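J.: Quick one: this structure, given as structure tokens, is what I'll be asking you about.
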Amino acid sequence: MNAINRYELFVLEDGEKPVEIIEDTKIPNAVTIKIFKQDHTLASMVRSELLATPCVLFAGYKVPHPLEPAFVLKIQTDGSQPPVQVLENVCTSLIATFSKLADQFKREFSARELDIQVEEDPYGPVGTNSTSGAGVWGAGNRRDYLDF
Amino acid sequence: MSNPRVRIRNVQHDRVNFVLEGVDIGFANSLRRVVMADIPTVAIDIVEIETNTTVLADEFIAHRLGMIPLISTNCDEGMRYTRDCTCLSNCKYCSVVLYLDVSCQEGGTMDITSDHLQVVGYNSGYRFTSGPAYSDPASDGGEELSKRGDGFGNPVGKDDDSVPPVLITKIRKGQGLKLKCVARKGIAKEHAKWSPCSAVSFEYDPHNKLRHTSYWFESDERAEWPLSENAKEEEPPRDDMPFDFNAKPEKFYFEVETTGALSPKEVIMKVTTNSG
């Protein structure tokens, strides 16, 4: 009964900062960034995009504790650009990639719109099509696992 | 910046199969994670049981009700999270109330299915013994309601005889079930019942050219590990080809199968337009 609300794992609290930047004093051009209320979904994507950037010497992330909804990202650059700037560029480019992806999907779906209509009428709903592999659960068969 | 390319191989009303190219594996995997766990839908979250004389315990039934997919078309804009809503417990902007009242009067077994769930309209005046369906008359008005699709909050396939309903429990003569459900908006990071997908398949490198995995085998690896359908998309490696340790996965094969709460198109478009 004293469990925390599950949504606290992914929703920022009132006034909680999403990002905390800790400059690294021992390594040149390095920074540690803590990002709150995010998980591998964002971390892994950002890291792999950072590694694809030429001026990045090191990029890595970890989730310090599985029960704490935050991850730590470390970046070191070769000095041509400050690491925070690189991260910002990477995020902008990821957003741009997503909008390109959205355009691609939009185009592909509108090209496929006709297929769906043709397909649905003669073959009926879920599972009757052989490619779906779900035929036994299809419309004509109302039995389920409790009927044995 | 990468240039993603998408080729849809198959679309049906509940599934889409596509090939993604031009992105790295981290990006493709994040896409998979978002499809599975970051798209909001509606699902039954609170159940108030008035009568339960069935063989199943209250919490058993409540759990089964939670898993029933409800039509969630444009849920992202058509509904508020209860935690963000200004109402005290549940209003028409942040919840959909359903009721179920079934009893068996005749001999033989009777199925209680998702088809017996009825959405309570905001103006229906339906009252439960515990009070009105929507506790708050509606906090400050919003445009959410007009953005909802047809049949919002109804169990998937309710008005469609060709879709078999979800069985909740079976009852015999003299048994009955009466309850109130409050369905709310949520995402699958909170509970898997809010996932719009029943299955997401993800594959790359069907020939294992990159050696990201090593297959266990009895005597012959090729004979014991049949290739997937996706292997037809890629050139099989020649036996004398040296291992390219710099190679990166390039083609990602997805199949997204939805529960029916959202269409596969809506799931994919939601992921690409406002993820993060």
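As shown in the structure tokens, the chain order sets the letters A, B, ...; within each chain, residues go from 1, and ligands are also counted from 1 in the order they appear.
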Can you list every residue of region 168-268 of chain B that has an atom at most 7 Å from region 12-32 of chain B, with its nearest atom pair and the distance in Å to one decimal, using only C-alpha atoms, ordered by chain then number, as CSV?
T.:
residue,atom,partner,partner_atom,distance
B:Pro249,CA,B:Ile25,CA,6.6
B:Glu250,CA,B:Glu21,CA,5.8
B:Lys251,CA,B:Glu21,CA,4.8
B:Phe252,CA,B:Leu20,CA,5.0
B:Tyr253,CA,B:Val19,CA,4.7
B:Phe254,CA,B:Phe18,CA,5.4
B:Glu255,CA,B:Asn17,CA,4.2
B:Val256,CA,B:Val16,CA,5.4
B:Glu257,CA,B:Arg15,CA,4.3
B:Thr258,CA,B:Asp14,CA,5.4
B:Gly260,CA,B:Asp14,CA,6.1
B:Ser263,CA,B:Asp14,CA,6.2
B:Pro264,CA,B:Arg15,CA,5.6
J.: Please, which residues in chain B fall within 7 Å of chain A when counting only C-alpha atoms, and what is the closest atom pair and distance in Å to one decimal for each, ordered by chain then residue number, as JSON lines?
T.:
{"residue": "B:Met1", "atom": "CA", "partner": "A:Ser93", "partner_atom": "CA", "distance": 5.3}
{"residue": "B:Ser2", "atom": "CA", "partner": "A:Thr97", "partner_atom": "CA", "distance": 6.2}
{"residue": "B:Asn3", "atom": "CA", "partner": "A:Thr97", "partner_atom": "CA", "distance": 6.7}
{"residue": "B:Pro4", "atom": "CA", "partner": "A:Leu101", "partner_atom": "CA", "distance": 5.8}
{"residue": "B:Arg5", "atom": "CA", "partner": "A:Gln104", "partner_atom": "CA", "distance": 6.6}
{"residue": "B:Val6", "atom": "CA", "partner": "A:Gln104", "partner_atom": "CA", "distance": 6.0}
{"residue": "B:Arg7", "atom": "CA", "partner": "A:Glu108", "partner_atom": "CA", "distance": 6.8}
{"residue": "B:Ile8", "atom": "CA", "partner": "A:Glu108", "partner_atom": "CA", "distance": 6.3}
{"residue": "B:Val11", "atom": "CA", "partner": "A:Ile116", "partner_atom": "CA", "distance": 6.5}
{"residue": "B:Gln12", "atom": "CA", "partner": "A:Ile116", "partner_atom": "CA", "distance": 5.8}
{"residue": "B:His13", "atom": "CA", "partner": "A:Ile116", "partner_atom": "CA", "distance": 6.9}
{"residue": "B:Gly26", "atom": "CA", "partner": "A:Met45", "partner_atom": "CA", "distance": 4.8}
{"residue": "B:Phe27", "atom": "CA", "partner": "A:Met45", "partner_atom": "CA", "distance": 5.0}
{"residue": "B:Ser30", "atom": "CA", "partner": "A:Thr41", "partner_atom": "CA", "distance": 4.8}
{"residue": "B:Arg33", "atom": "CA", "partner": "A:Thr41", "partner_atom": "CA", "distance": 6.2}
{"residue": "B:Ser162", "atom": "CA", "partner": "A:Ala139", "partner_atom": "CA", "distance": 5.3}
{"residue": "B:Val163", "atom": "CA", "partner": "A:Ala139", "partner_atom": "CA", "distance": 5.8}
{"residue": "B:Pro164", "atom": "CA", "partner": "A:Ala139", "partner_atom": "CA", "distance": 6.1}
{"residue": "B:Glu190", "atom": "CA", "partner": "A:Arg6", "partner_atom": "CA", "distance": 5.3}
{"residue": "B:Met269", "atom": "CA", "partner": "A:Ala102", "partner_atom": "CA", "distance": 6.4}
{"residue": "B:Thr272", "atom": "CA", "partner": "A:Ala102", "partner_atom": "CA", "distance": 5.1}
{"residue": "B:Thr273", "atom": "CA", "partner": "A:Ala102", "partner_atom": "CA", "distance": 6.2}
J.: For N, CA and C atoms, I'd like the residues from the last selection saved as a short mmCIF file (atom, residue, chain, number, x, y, z; two decimals), in the first residue's frame.
T.:
data_model
loop_
_atom_site.label_atom_id
_atom_site.label_comp_id
_atom_site.auth_asym_id
_atom_site.auth_seq_id
_atom_site.Cartn_x
_atom_site.Cartn_y
_atom_site.Cartn_z
N MET B 1 23.12 13.15 -39.88
CA MET B 1 21.72 12.71 -39.86
C MET B 1 21.55 11.52 -40.80
N SER B 2 20.78 10.56 -40.36
CA SER B 2 20.59 9.38 -41.21
C SER B 2 19.34 9.53 -42.06
N ASN B 3 19.33 8.80 -43.15
CA ASN B 3 18.20 8.85 -44.06
C ASN B 3 17.44 7.53 -44.00
N PRO B 4 16.43 7.46 -43.14
CA PRO B 4 15.71 6.19 -43.03
C PRO B 4 14.91 5.88 -44.29
N ARG B 5 14.86 4.61 -44.64
CA ARG B 5 14.02 4.18 -45.75
C ARG B 5 13.11 3.06 -45.22
N VAL B 6 11.87 3.12 -45.62
CA VAL B 6 10.90 2.15 -45.13
C VAL B 6 10.23 1.47 -46.31
N ARG B 7 10.05 0.17 -46.22
CA ARG B 7 9.27 -0.53 -47.22
C ARG B 7 8.25 -1.40 -46.50
N ILE B 8 6.98 -1.08 -46.69
CA ILE B 8 5.95 -1.88 -46.04
C ILE B 8 5.69 -3.11 -46.90
N VAL B 11 0.21 -4.98 -45.02
CA VAL B 11 -0.63 -4.30 -44.02
C VAL B 11 -1.93 -5.05 -43.94
N GLN B 12 -2.38 -5.32 -42.74
CA GLN B 12 -3.73 -5.83 -42.54
C GLN B 12 -4.35 -4.95 -41.49
N HIS B 13 -5.64 -5.18 -41.18
CA HIS B 13 -6.27 -4.24 -40.25
C HIS B 13 -5.66 -4.32 -38.85
N GLY B 26 20.74 1.03 -32.82
CA GLY B 26 20.22 1.71 -31.63
C GLY B 26 18.91 2.41 -31.92
N PHE B 27 18.85 3.03 -33.07
CA PHE B 27 17.63 3.73 -33.48
C PHE B 27 16.49 2.73 -33.70
N SER B 30 15.18 1.42 -30.46
CA SER B 30 14.36 2.40 -29.75
C SER B 30 12.97 2.48 -30.37
N ARG B 33 11.06 -0.32 -28.99
CA ARG B 33 10.67 -0.10 -27.59
C ARG B 33 9.51 0.89 -27.48
N SER B 162 -18.22 -10.91 -36.55
CA SER B 162 -17.15 -11.76 -37.06
C SER B 162 -15.94 -11.81 -36.11
N VAL B 163 -15.92 -10.92 -35.11
CA VAL B 163 -14.81 -10.92 -34.16
C VAL B 163 -15.26 -11.63 -32.88
N PRO B 164 -14.65 -12.74 -32.54
CA PRO B 164 -15.08 -13.42 -31.32
C PRO B 164 -14.76 -12.58 -30.10
N GLU B 190 3.56 1.67 -17.41
CA GLU B 190 2.86 1.61 -16.13
C GLU B 190 2.30 0.20 -15.92
N MET B 269 2.37 5.89 -36.86
CA MET B 269 2.43 7.34 -37.07
C MET B 269 2.63 8.08 -35.76
N THR B 272 6.34 7.96 -34.79
CA THR B 272 7.28 8.78 -35.55
C THR B 272 7.00 10.26 -35.41
N THR B 273 5.77 10.64 -35.06
CA THR B 273 5.50 12.07 -35.01
C THR B 273 5.71 12.70 -33.65
#
J.: Would you list the contacts of Cys85 (chain B) as a compact mmCIF listing (two decimals) with all heavy atoms, in the first residue's frame, taking every protein, DNA or RNA residue within 8 Å and counting only C-alpha atoms, but skipping same-chain residues closer than 5 positions in sequence?
T.:
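That gives us out-v4.txt:
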# COMPACT_ATOMS: atom_id res chain seq x y z
N ARG B 80 -7.42 12.79 -21.28
CA ARG B 80 -6.35 13.26 -20.38
C ARG B 80 -5.93 12.12 -19.47
O ARG B 80 -6.71 11.23 -19.18
CB ARG B 80 -6.89 14.36 -19.46
CG ARG B 80 -7.30 15.59 -20.16
CD ARG B 80 -7.86 16.54 -19.11
NE ARG B 80 -8.60 17.60 -19.76
CZ ARG B 80 -9.46 18.38 -19.14
NH1 ARG B 80 -9.70 18.23 -17.85
NH2 ARG B 80 -10.08 19.33 -19.79
N TYR B 93 -13.55 13.66 -19.14
CA TYR B 93 -12.34 13.96 -19.91
C TYR B 93 -11.21 12.97 -19.64
O TYR B 93 -10.34 12.78 -20.46
CB TYR B 93 -11.84 15.37 -19.62
CG TYR B 93 -12.82 16.42 -20.05
CD1 TYR B 93 -13.48 17.21 -19.12
CD2 TYR B 93 -13.12 16.60 -21.40
CE1 TYR B 93 -14.40 18.16 -19.51
CE2 TYR B 93 -14.05 17.55 -21.80
CZ TYR B 93 -14.68 18.32 -20.85
OH TYR B 93 -15.58 19.25 -21.24
N CYS B 94 -11.21 12.36 -18.46
CA CYS B 94 -10.09 11.49 -18.12
C CYS B 94 -10.52 10.05 -17.88
O CYS B 94 -9.70 9.23 -17.46
CB CYS B 94 -9.33 12.02 -16.92
SG CYS B 94 -10.28 12.00 -15.40
